[in-house]
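Structure first, commentary second.
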Amino acid sequence: MKQLRVTLSGLALMAAGLGLSVSPANAACEAATAEFGMSRIVDIDTTHGPIFGAMTNRSREPSFLKPNEVVLTFDDGPIPWITKSILDTLDKYCAKATFFSVGRMALAYPASVKDVMARGHTLGSHTYSHPFNMQRMNIDAAAAEIERGIAAVSTAAGAPVAPFFRFTGLADSNRLLGYLQTRSIAAFTVDVVSNDSYTANANKLAEHTLAEIAKTQGGIVLFHDIKAATTKALPIILSRLKASGYTVVHMTAKTTVTPMAYAMHYVAPKLTKTPQAQEMGPMPTLPETPAVTRQITEVAPDARDRTEPSGKASPHKASRKRKAHSELPRSIVEAEADLAHTAN
Ligand SMILES: [Zn+2]
């Protein structure tokens, strides 16, 4: 109990210091203000639980992106060697992304979660154990998945995270969006699916992703930081986007989300069972933000009524949603096995 209180107060103490106060690892980015990955920050006020992105049947917010702008998002990780490769590529292109990490993956690989934050990216969450049937789950069980995910990612990061959430399988519902509203958490669906859950060939993956981005002239792009093909395709995608005049927009959150105590109780004992837990120190001291002038756009959607019954997904949308996420990634199963092994 004592340790839990320390953890919670530690998180609270760090709440004010996140977001824009971190710097890109690549010093060369300092001179790249008007370029590809440093063009614009969209700072989102999540107070009324907005939902962004086209792949939903719910009442969503208008896009905050202009033509030829993309937001890069990575789900389901971290996996150390994959996430690190993606972070290195993003640094090379001075681009910032949003990571929707899975709680139990974050607990298995906390050093990778810290690395995501230390390199100035936005960290959101994507449930605790990646259930695919959230629409059909009892509301309390679904809420517990959301809350345990937030608690696990925050615990692994050693700091509060963004109130940004992505539904597994993009399976949202008005009832669950209503729950997120009570917590002032924004939901993010997607505009472009990279198909990296289904394509192991990096060149094909890059071509598909670029073609989809061209169709919509940009948007929120879904990748997964659990796939080797993604690490190989990303440099191709970013260099081609840059050459085509696209820019990467960095989404940040105005505030952080405070984990619920019951969820912290659930995850706290699990972290101590991870092999990396002993190696974890405090959050590294981050360098000051370099003198980079980026345009900051503030987005603060109004409250919306989520009380109407959930609409039925059209077959087209449902099929696209299914394609957006693979079955439970093998890597998550492996991470669970790691946890079980170290618990013995
Ligand atoms: Zn997922």
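We name chains A, B, ... following the order of the structure tokens; residues begin at 1 in each chain, and ligands are numbered from 1 as shown.
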
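The list of residues with at least one atom within 12 Å of Ser239 (chain A), based on only C-alpha atoms and without residues fewer than 2 positions apart in the same chain, reads A:Phe36, A:Gly37, A:Thr89, A:Leu90, A:Lys92, A:Tyr93, A:Cys94, A:Ala95, A:Ala206, A:Leu210, A:Ala233, A:Leu234, A:Pro235, A:Ile236, A:Ile237, A:Leu241, A:Lys242, A:Ala243, A:Ser244, A:Gly245, A:Tyr246, A:Thr247, A:Val248.
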
Each residue of chain A with at least one atom at most 7 Å from ligand 1 should appear once, together with its nearest atom pair and the corresponding distance in Å (one decimal); atoms considered: only C-alpha atoms and all ligand atoms; ordering: chain, then increasing residue number; output as CSV.
residue,atom,partner,partner_atom_place_in_ligand_line,distance
A:Asp75,CA,ligand 1,1 (Zn),5.4
A:Asp76,CA,ligand 1,1 (Zn),4.8
A:His126,CA,ligand 1,1 (Zn),6.7
A:His130,CA,ligand 1,1 (Zn),6.4
A:Thr168,CA,ligand 1,1 (Zn),4.8
A:Gly169,CA,ligand 1,1 (Zn),6.0
A:His325,CA,ligand 1,1 (Zn),5.6

Go ahead and write the residues just picked, C-alpha atoms, as a PDB file, in the first residue's frame.
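See out_21.pdb below for the written result:
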ATOM      1  CA  ASP A  75      -0.622   0.483 -31.715  1.00  0.00           C
ATOM      2  CA  ASP A  76      -0.154  -2.730 -29.746  1.00  0.00           C
ATOM      3  CA  HIS A 126      -5.031   0.777 -26.013  1.00  0.00           C
ATOM      4  CA  HIS A 130      -6.362  -6.108 -26.060  1.00  0.00           C
ATOM      5  CA  THR A 168      -9.120  -2.371 -29.957  1.00  0.00           C
ATOM      6  CA  GLY A 169     -10.339  -3.375 -33.392  1.00  0.00           C
ATOM      7  CA  HIS A 325      -6.271  -5.027 -36.423  1.00  0.00           C
TER       8      HIS A 325
END

**OP:** Just list the residues in region 125-311 of chain A DSSP gives strand (DSSP E) on the backbone, as a ChimeraX atom specification.
**Re:** /A:125,164-165,186-188,192-193,218-224,247-253,295-299

Pull the closest atom pair for each residue of region 135-176 of chain A that gets at most 8 Å from region 103-120 of chain A, along with the distance in Å to one decimal, counting only C-alpha atoms, ordering rows by chain and then ascending residue number, as JSON lines.
{"residue": "A:Arg148", "atom": "CA", "partner": "A:Gly103", "partner_atom": "CA", "distance": 6.8}
{"residue": "A:Gly149", "atom": "CA", "partner": "A:Gly103", "partner_atom": "CA", "distance": 4.2}
{"residue": "A:Ile150", "atom": "CA", "partner": "A:Gly103", "partner_atom": "CA", "distance": 6.9}
{"residue": "A:Ala151", "atom": "CA", "partner": "A:Gly103", "partner_atom": "CA", "distance": 7.6}
{"residue": "A:Ala152", "atom": "CA", "partner": "A:Gly103", "partner_atom": "CA", "distance": 4.8}
{"residue": "A:Val153", "atom": "CA", "partner": "A:Gly103", "partner_atom": "CA", "distance": 5.3}
{"residue": "A:Thr155", "atom": "CA", "partner": "A:Leu107", "partner_atom": "CA", "distance": 7.7}
{"residue": "A:Ala156", "atom": "CA", "partner": "A:Pro110", "partner_atom": "CA", "distance": 4.5}
{"residue": "A:Ala157", "atom": "CA", "partner": "A:Lys114", "partner_atom": "CA", "distance": 4.9}
{"residue": "A:Gly158", "atom": "CA", "partner": "A:Lys114", "partner_atom": "CA", "distance": 7.5}

**OP:** Give the helix (DSSP H, G or I) residues of region 86-316 of chain A, as DSSP finds them on the backbone, and put them as a ChimeraX atom specification.
**Re:** /A:86-92,103-108,110-118,139-157,168-170,174-182,202-216,228-243,261-271,277-279,315-316

**OP:** May I have the residues within 12 Å of Ala143 (chain A) as an NGL selection string, using only C-alpha atoms and disregarding those fewer than 4 positions away in the same chain?
**Re:** :A and (126-128 or 131 or 134-135 or 137-139 or 147-150 or 165 or 167 or 175-183 or 260 or 262-263)
